[in-house]
Each structure stands twice: as C-alpha cells, then as structure tokens.
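To start, the structure under review is shown below, and the notes come after it.
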Amino acid sequence: MSTTHSKAAKAFLSDKANAKWHDKTLYMVRTKRDRLSHAIPEWEELRNAAQNIKQYSNSHLPELIEEFEKNATANGCYVHYAKDAEEYRTIIERILRDHSVRKLVKSKSMLSEECHLNPYLIEKGYEVIESDLGERILQLLNANPSHIVMPAIHIKREIVGKLFEEKLGSEKGNSDPTYLTHQARKALRQDFLNADAGMTGGNFAVASTGEVIVCTNEGNADMGISCQKLNISAFGIDKIIPDLESLAIFTRLLARSATGQPITTYTSHIGRPRKGGEQHFIIVDNGRSKILGMPQHRKSMNCIRCGACMNTCPVYRRSGGYSYSYFIPGPIGINLGMLHNPQKHSGNVSACSLCLSCSNVCPAMIDLGEQIYVWRQKLDVFGQASSEKKLMSKGLQFLMERPYLFHSALKMAPIINKMPRFLLYNRLNAWGKDRELPQFAKQSFESWWKKNHQSKNN
Amino acid sequence: MKVGLFIPCYINAVYPHIGVACYKLLTSLGIEVDYPLGQTCCGQPMANAGFEKDSLTLAKRFEQLFKDYTYVVGPSASCVAFVKENHPRILSEHGEHVCETSKHIYDITEFLHDVVKPEHFASHFPHKVSLHNSCHGVRELHLSSASELTIPYYNKIRSLLERVSGITVVEPERIDECCGFGGMFAVEEPEVSTCMGHDKVKDHMATGAEYITGADSSCLMHMEGVIERKHLPIRTIHYLEILSAQL
C-alpha cells in the first residue's frame, strides 16, 4: 500500500535524530508565527481580506494585467507574456542574448524552479549565480530546495562549512554561521559587481502602479537590481493585485506567516529602469489560467508562497521536503503537484492525515486539506488509486452495508484477540509494526442494548 | 425531546463501554435516549481513503435511521463531523434529497455544552488528565479554539470536565497537533503516523498527567496502540467515562 511519499518518509525517519531536529525546528517557526499573528487582533479579518483580494484579482485578470502593462510601460519598462515554461525560458534567453549577457545574478524565484530556468541557461553557456544564501548553498551543492521559504533548512552548518571550504576557500573546520555568512557575502559581492544582468521573481505585482514587489531578508534582490543595468523580473499571473492598499494587507500577512517576523527586512518596489538601463517584466501563465477554471481548486491560486502550511504540517515536518515528488512540498505542494501533473504526483496525496491545520494557518485562506481530500476521490479516475486500499474500502463497504453481517461478525470478533501474535503482527499489518492492535469487546454496544432493553421490557 | 444515539462502528466493536457511558449520562440528565438498531458505519474510512462513493449507501441508510429524531448525538467528534460536513454533499451529488440528519446531529460535547448545559456532574475524579484536542473536534466542530486562529481561548470539553470534582485538567504543549491516526493514513503512511503518535503521547506525558482524555476514541485508540507497545506509564480514557464515573 506504500506510496512514493510514504517510502521516502520511511527513509527520512530512519535517521531519528535528524528527523526530530527537523520537526522541532519547523515547529519553532510555526510557534513564532503564532506569537506574531496572535498579537494582531484583526488577524482573521486580514486573512479574509487577503482571500477576497485574491479572488477578486484572479477573476479580473484581463483588466488588471492590462492596467499593469499600461502603467509599467509608462514607467519605461518592457512587459512580456509567456504562456508556458518554454516561452518563459526563451524570452529570458533572448533578452540576455540581445544584451550580450554572459553572467546573470538571480534572487530567489520559485517560478524559475517551476520552469527549470537555471539548467536551460547553463546549457546555453550562461553563468547563473543564485544570490539568496540558502539557494546559493544549494546551487553549490547541486541540490534542490526542500522548503519554499527556507530552501536549505535541511542542511546543517557543518556541511555548509565544508562546502565553503572547498568552493569559496573559507577556513578549514570553521562552521560558525556568522563567519560562513560573511564568506558568502564576500564572494557574492564580486558576483554582483561583475555580472551583466540581474533577475528577480516577484511576490506581488501591483496593477495600479505597474510595480513588482520583491520581499527578501538579505537585500540580495536589491543588490542585483542596483548593480546591473539590465534587470528581468518574472512572475505568475496569480501575483497580480489591484493596488497599494491591497499590498498593505499582504505585507502584514506574508512575513508573519512565513518566518514569524513582523515584516521582511526589505520590501522593494521595482518600478523604473535604472538610468540608461532596462527593466523587463515577464508575466507567466504556465497552467494557471487552466487552474482558475477549476472551481474546486482555483483557491490554490490564492497562494502567496509563505510556506506556513509546511511549517504547521505534522507530516511535512516528519518527512522533509524531498519526500514529495513535486518541487514544492507540503500541503500546497501536494495540491499544485496534482494540478501540474496528476499522473506524476499522485504519490504525494497520501501525505496528509486530514488534520486541517494547513487550512487554518493559510493567510490567504486556501482550503488546502479539503482540496487534498478532493484529490483522493479523483485518484481512482486517474488510475492511481492503490488496489490494496480499494479492496479494503470495498470490503468495509460490503460489511457495513449489511448490518446483520456486521453485528454477527462482532459476536465472533473477540476470537481474534486470542490469536497467536505471529498471525496478527506480521509484515502485512502496517498498524502493528510499532503499535498494538485494539481489542474487540466481548459484547458490542448493540448486543448490550438489546440485552438491557429486552430485559427492561420483560 | 428524544435523542437518537449514534454509536460509530468501532465504538460498537471495541469501546462499547463508551457508548454505555454516553447512554447513562444522557439518561441521568433526564433525557430520553433511543438507539436505532442495525447501525454500522458513517462511511468516513472509505471516503478519507478516496472512495467517497463507497459510502453513499451508508449515508442513505444513516439518513433513514436518524432523520426523525429531534437530536442525533454521538460520542465521536470525527464521525459526527463527517456526517455533518460530508453526508449532505454525498447525498445531493447522487440526486438524493437534502440531508436532514446533518442539521440536528451533535457530538456529545456540543450537545452537553450548548444544549443541555448541566451545571455540574455527579462525578468525582481525583486525577490529573491531559486533554487531547482532536483535529476534527477542533477544526470541524469547533469544540475548542484552534491554535492557528487569532480568537479568544475556549474549550468546551475542558469546560465540561471542570464541572467534575477533584479533577485537574491540563493540555499538552502542542495543544492541538494531530496524533497521526487519520484513518487509512495510519496504514498507508505507517512510519509518519507512528512517529506522530509517539510524539503526541510524549507531549501528553510531559504534562505529568495520569490519563489522556478527549472526545475522539479513534485518536485515543491510536495513542493506546503506541502506549501499550512501549509500556508507557499513561492511560487513555474517553472523557465521557470521567463525566459518568459515578453512574
């Protein structure tokens, strides 16, 4: 009955100390988030407002995108449209080629992960430098993010120390976080200075001003934009919001939900090109408008990529980001993976106990857990339902639809309590590996009722 | 007022004494209780596993058994939540009439706390208990304030338990984190599920409580499985057994 997720989770949990550390660390982030959100009396109203703005924006995209384009163009920026990942990649490559760029310095963008930008550009001969510290560590390790906000959360500082020793020439055996950060900063400073272009993603795109908003803690996006004359900022159509008043709602929610900070260190508005430079915006669909056409799932497009659903998810914390087949893990990743390619990512749908904590924690009020329930119902249609589970469900259905059979079976059931352990506890019994089975009662409630109420009547 | 008692399948099979406690408690409060015979399952196990359509006949049957009672009351928050939240949709998607039962079904906690409102229970329980705030009780039936939300603290189970003399009620540090049961989740993701169960039991134990108590026997069953395997020094008890201890 195991799924791709459950197998990977088993491997993750085999290193008990690390698994415990992972759970504690991410739960601590959830606790920090609680402390800040509980300090704002109108928090639930903010979540409601965020949900309403997202639903408004996502249902008024043609007007809002046109408004964004008009304002951005008036500000002297270029606006491009990409219908899918391929167009996104080729537009970026064309801009780079037209400007004879050889080295690109990037700040964090989940869209670029989604569209596999880096491998594409590297293959075409460009040098691509990730400038977010976590992303830079992963790039040097040739590894993928395991969390959308804290991409290298799973990597211990000793490993970073060794990596920097080898790649950046840092001191041998020094894994002091402050020291390592300074080493990264020193190396990145050179990259910022000698790159030919900068690139960012976008947390929000404000239609009324034609600006893209990028939130970072490290200021690396700003360094990239400020050091290069050419900058490209790409974002999904779901990032469009109407105006600055709407933005104020999201900036109050984003960092509190993500890391338990009142606000990110930098909230940068990218509005105009540098003097003598160029600012390009790329607005990407890549399946988003199709999702907006699916009533049961369109709320997943409310997502502001804060990662709070991962930090609160008891399954994510105990299985790690790599246990999911989609590049975005946790509750939102299960949903987006299924929307992207259900055949490929149905192995993640088991990674949910339906506790619904994610739906409560989401600042944009996405019904994440409820949508996972909906996906489970669809697995059979995709031919992805486990045949073992299906058989169990059918068996239960058969028994439960026959009250006489069910209650007769309960009379016999206590025999099971007396069965030899090897018959009950074996590799076919996933419950019994580390847990005792419940014992059947000698007399069911129904039998008790019949006995008592019959004797009363007599 | 006539109450139809809903006894979920696993309570019928494994924890009949909780059903009996529920019956005795309601009767002691002067409420007429009936148990419609031939009850089986609400269909949640199939539906949560992804086979909601396998629960259609059960939902129809449930509706037939219970639709004429003033109140339907059950001692299992998760099963009650399933009937309340999902039966209406399951029935309507298959062209059935609107589900009546879902409008007057209550978990025993809601029924006692919001409808019957007894001032105290004739029970004495001089023990320290750690309250298990189960996911569907908290996040579907709103039996207590969910830790994620910015709303004033409340807890209906705690409020009822504190009407028992001698008792000390505490709550674990991760106040409403899942115990990892989740129906078929427990066997489809056995390693994660067991790890969640262990962590949850440890969190309850850290309070120094002698018992873990709550409104959902399924969660208690899961934690009991962990406790017995590891011979841990804590026990599980449904909170109705505490309220009805002297009956």
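Simple scheme: letters A, B, ... for chains in structure tokens order, numbers from 1 for residues in each chain, numbers from 1 for ligands in the order shown.
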*asked:* I'd like the contact shell of Asn86 (chain B) - 10 Å cut-off, only C-alpha atoms, skipping same-chain residues fewer than 6 positions apart - returned as JSON, numbers by chain.
replied: {"B": [43, 44, 47, 52, 59, 80, 99, 102]}
Do you have, as a Markdown table, the list of residues of chain A lying at most 7 Å from chain B, each with its nearest atom pair and that distance in Å to one decimal, counting only C-alpha atoms and ordered by chain then number?
| residue | atom | partner | partner_atom | distance |
| --- | --- | --- | --- | --- |
| A:Met1 | CA | B:Glu188 | CA | 5.8 |
| A:Ser2 | CA | B:Glu188 | CA | 5.8 |
| A:Ser6 | CA | B:Glu189 | CA | 5.1 |
| A:Ala9 | CA | B:Val192 | CA | 6.8 |
| A:Lys10 | CA | B:Glu191 | CA | 5.7 |
| A:Asp34 | CA | B:Glu148 | CA | 6.6 |
| A:Ser37 | CA | B:Thr150 | CA | 6.8 |
| A:His38 | CA | B:Thr150 | CA | 5.1 |
| A:Pro41 | CA | B:Thr150 | CA | 6.9 |
| A:Trp43 | CA | B:Thr150 | CA | 6.2 |
| A:Glu44 | CA | B:Thr150 | CA | 6.4 |
| A:Val315 | CA | B:Val192 | CA | 6.5 |
| A:Arg318 | CA | B:Val192 | CA | 6.4 |
| A:Ser350 | CA | B:Phe185 | CA | 6.8 |
| A:Ser353 | CA | B:Gly182 | CA | 4.5 |
| A:Leu354 | CA | B:Gly182 | CA | 6.5 |
| A:Cys355 | CA | B:Cys135 | CA | 5.1 |
| A:Leu356 | CA | B:Arg139 | CA | 6.7 |
| A:Asn360 | CA | B:Glu148 | CA | 5.9 |
| A:Val361 | CA | B:Glu148 | CA | 5.4 |
| A:Tyr373 | CA | B:Asn48 | CA | 6.6 |
| A:Arg376 | CA | B:Gly50 | CA | 4.2 |
| A:Gln377 | CA | B:Gly50 | CA | 4.1 |
| A:Ser393 | CA | B:Met46 | CA | 5.2 |
| A:Gln397 | CA | B:Asp54 | CA | 6.2 |
| A:Met400 | CA | B:Thr40 | CA | 5.4 |
| A:Glu401 | CA | B:Leu58 | CA | 6.3 |
| A:Pro403 | CA | B:Gly38 | CA | 5.1 |
| A:Leu410 | CA | B:Ala13 | CA | 6.2 |
| A:Ala430 | CA | B:Val187 | CA | 5.2 |
| A:Trp431 | CA | B:Val187 | CA | 5.5 |
| A:Asp434 | CA | B:Arg229 | CA | 6.8 |
| A:Arg435 | CA | B:Gly225 | CA | 4.6 |
| A:Glu436 | CA | B:Gly225 | CA | 4.3 |
| A:Leu437 | CA | B:Gly225 | CA | 6.0 |
| A:Pro438 | CA | B:Met221 | CA | 6.7 |
| A:Gln439 | CA | B:Val14 | CA | 6.2 |
| A:Phe440 | CA | B:Val14 | CA | 4.6 |
| A:Ala441 | CA | B:Val14 | CA | 5.0 |
| A:Ser444 | CA | B:Asn12 | CA | 5.0 |
| A:Phe445 | CA | B:Pro16 | CA | 4.5 |
| A:Glu446 | CA | B:Asn12 | CA | 6.6 |
*Write out as a PyMOL selection string which residues come within 10 Å of Asn144 (chain A) when counting only C-alpha atoms, dropping same-chain ones fewer than 3 positions away.*
chain A and resi 113+135+137-139+141+147+151-152+321-322+327
*Tell me, which residues of region 189-353 of chain A carry DSSP alpha helix (DSSP H), written as a VMD selection string?*
chain A and resid 189 to 194 220 to 227 244 to 259 288 to 292 308 to 312 314 to 317 330 to 340 342 to 345
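The nearest approach to Ser92 (chain B) among the residues B:Val115, B:Lys60, B:Phe121, B:Leu232, with only C-alpha atoms taken into account, belongs to B:Lys60.
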_Which residues are close to Ile212 (chain B), i.e. within 8 Å by only C-alpha atoms, leaving aside same-chain residues fewer than 6 positions away? Reply as an MDAnalysis selection string._
chainID B and resid 129:132 204 220 234:237
With N, CA and C atoms kept, could you save the residues just selected as a PDB file, in the first residue's frame?
ATOM      1  N   VAL B 129      -5.555  14.917  34.261  1.00  0.00           N
ATOM      2  CA  VAL B 129      -5.779  14.419  32.903  1.00  0.00           C
ATOM      3  C   VAL B 129      -5.252  15.432  31.886  1.00  0.00           C
ATOM      4  N   SER B 130      -4.665  14.922  30.796  1.00  0.00           N
ATOM      5  CA  SER B 130      -4.192  15.788  29.714  1.00  0.00           C
ATOM      6  C   SER B 130      -5.204  15.696  28.577  1.00  0.00           C
ATOM      7  N   LEU B 131      -5.665  16.846  28.144  1.00  0.00           N
ATOM      8  CA  LEU B 131      -6.764  16.895  27.180  1.00  0.00           C
ATOM      9  C   LEU B 131      -6.252  16.727  25.757  1.00  0.00           C
ATOM     10  N   HIS B 132      -6.832  15.771  25.056  1.00  0.00           N
ATOM     11  CA  HIS B 132      -6.462  15.587  23.655  1.00  0.00           C
ATOM     12  C   HIS B 132      -7.464  16.310  22.762  1.00  0.00           C
ATOM     13  N   HIS B 204       1.819  14.560  25.822  1.00  0.00           N
ATOM     14  CA  HIS B 204       0.829  14.411  26.901  1.00  0.00           C
ATOM     15  C   HIS B 204       1.528  14.003  28.197  1.00  0.00           C
ATOM     16  N   LEU B 220      -7.752   8.259  20.605  1.00  0.00           N
ATOM     17  CA  LEU B 220      -7.356   7.570  21.837  1.00  0.00           C
ATOM     18  C   LEU B 220      -6.900   6.149  21.515  1.00  0.00           C
ATOM     19  N   ILE B 234       1.123   5.897  31.096  1.00  0.00           N
ATOM     20  CA  ILE B 234      -0.021   6.802  30.974  1.00  0.00           C
ATOM     21  C   ILE B 234      -1.153   5.986  30.370  1.00  0.00           C
ATOM     22  N   ARG B 235      -2.386   6.367  30.674  1.00  0.00           N
ATOM     23  CA  ARG B 235      -3.526   5.607  30.149  1.00  0.00           C
ATOM     24  C   ARG B 235      -4.456   6.521  29.358  1.00  0.00           C
ATOM     25  N   THR B 236      -5.300   5.927  28.518  1.00  0.00           N
ATOM     26  CA  THR B 236      -6.282   6.727  27.789  1.00  0.00           C
ATOM     27  C   THR B 236      -7.659   6.465  28.381  1.00  0.00           C
ATOM     28  N   ILE B 237      -8.481   7.489  28.351  1.00  0.00           N
ATOM     29  CA  ILE B 237      -9.851   7.353  28.847  1.00  0.00           C
ATOM     30  C   ILE B 237     -10.724   8.363  28.094  1.00  0.00           C
TER      31      ILE B 237
END
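Taking CA of Phe382 (chain A) as the reference point, CA of Met365 (chain A) is found at 27.6 Å.
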*Determine, counting only C-alpha atoms, which protein, DNA and RNA residues have an atom within 8 Å of an atom of region 184-194 of chain A; residues of the same chain fewer than 4 positions away are not included. Present the result as a PyMOL selection string.*
chain A and resi 103+105+129+131+133+164+168+180+223-224+227-228
*May I have the residues within 9 Å of region 19-27 of chain A as a VMD selection string, using only C-alpha atoms and disregarding those fewer than 4 positions away in the same chain?*
chain A and resid 12 to 15 31 to 32 153 to 154 310 to 314 316 to 320
*Residues within 10 Å of Asp68 (chain B), only C-alpha atoms, excluding chain neighbours under 5 positions, as a count of residues only*: 7
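Considering the residues A:Phe281, A:Tyr120, A:Phe406, A:Trp375 and counting only C-alpha atoms, Arg89 (chain A) has its shortest atom-to-atom contact with A:Tyr120.
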_Would you compute the distance between CA of Lys275 (chain A) and CA of Ile122 (chain A)? Give it in Å to one decimal._
28.9 Å
*Write out as a PyMOL selection string all residues of region 1-244 of chain B that DSSP puts in strand (DSSP E or B) for this structure's backbone.*
chain B and resi 2-5+32-34+71-74+105-107+124+128-132+144+155+165+168-170+211-214+235-238
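Note that the spacing between CA of Gly214 (chain B) and CA of Leu160 (chain B) amounts to 11.2 Å.
Here the question is which of B:Ala81, B:Met205, B:Leu161, B:Ala21 gets nearest to Glu173 (chain B) using only C-alpha atoms, and that residue is B:Met205.
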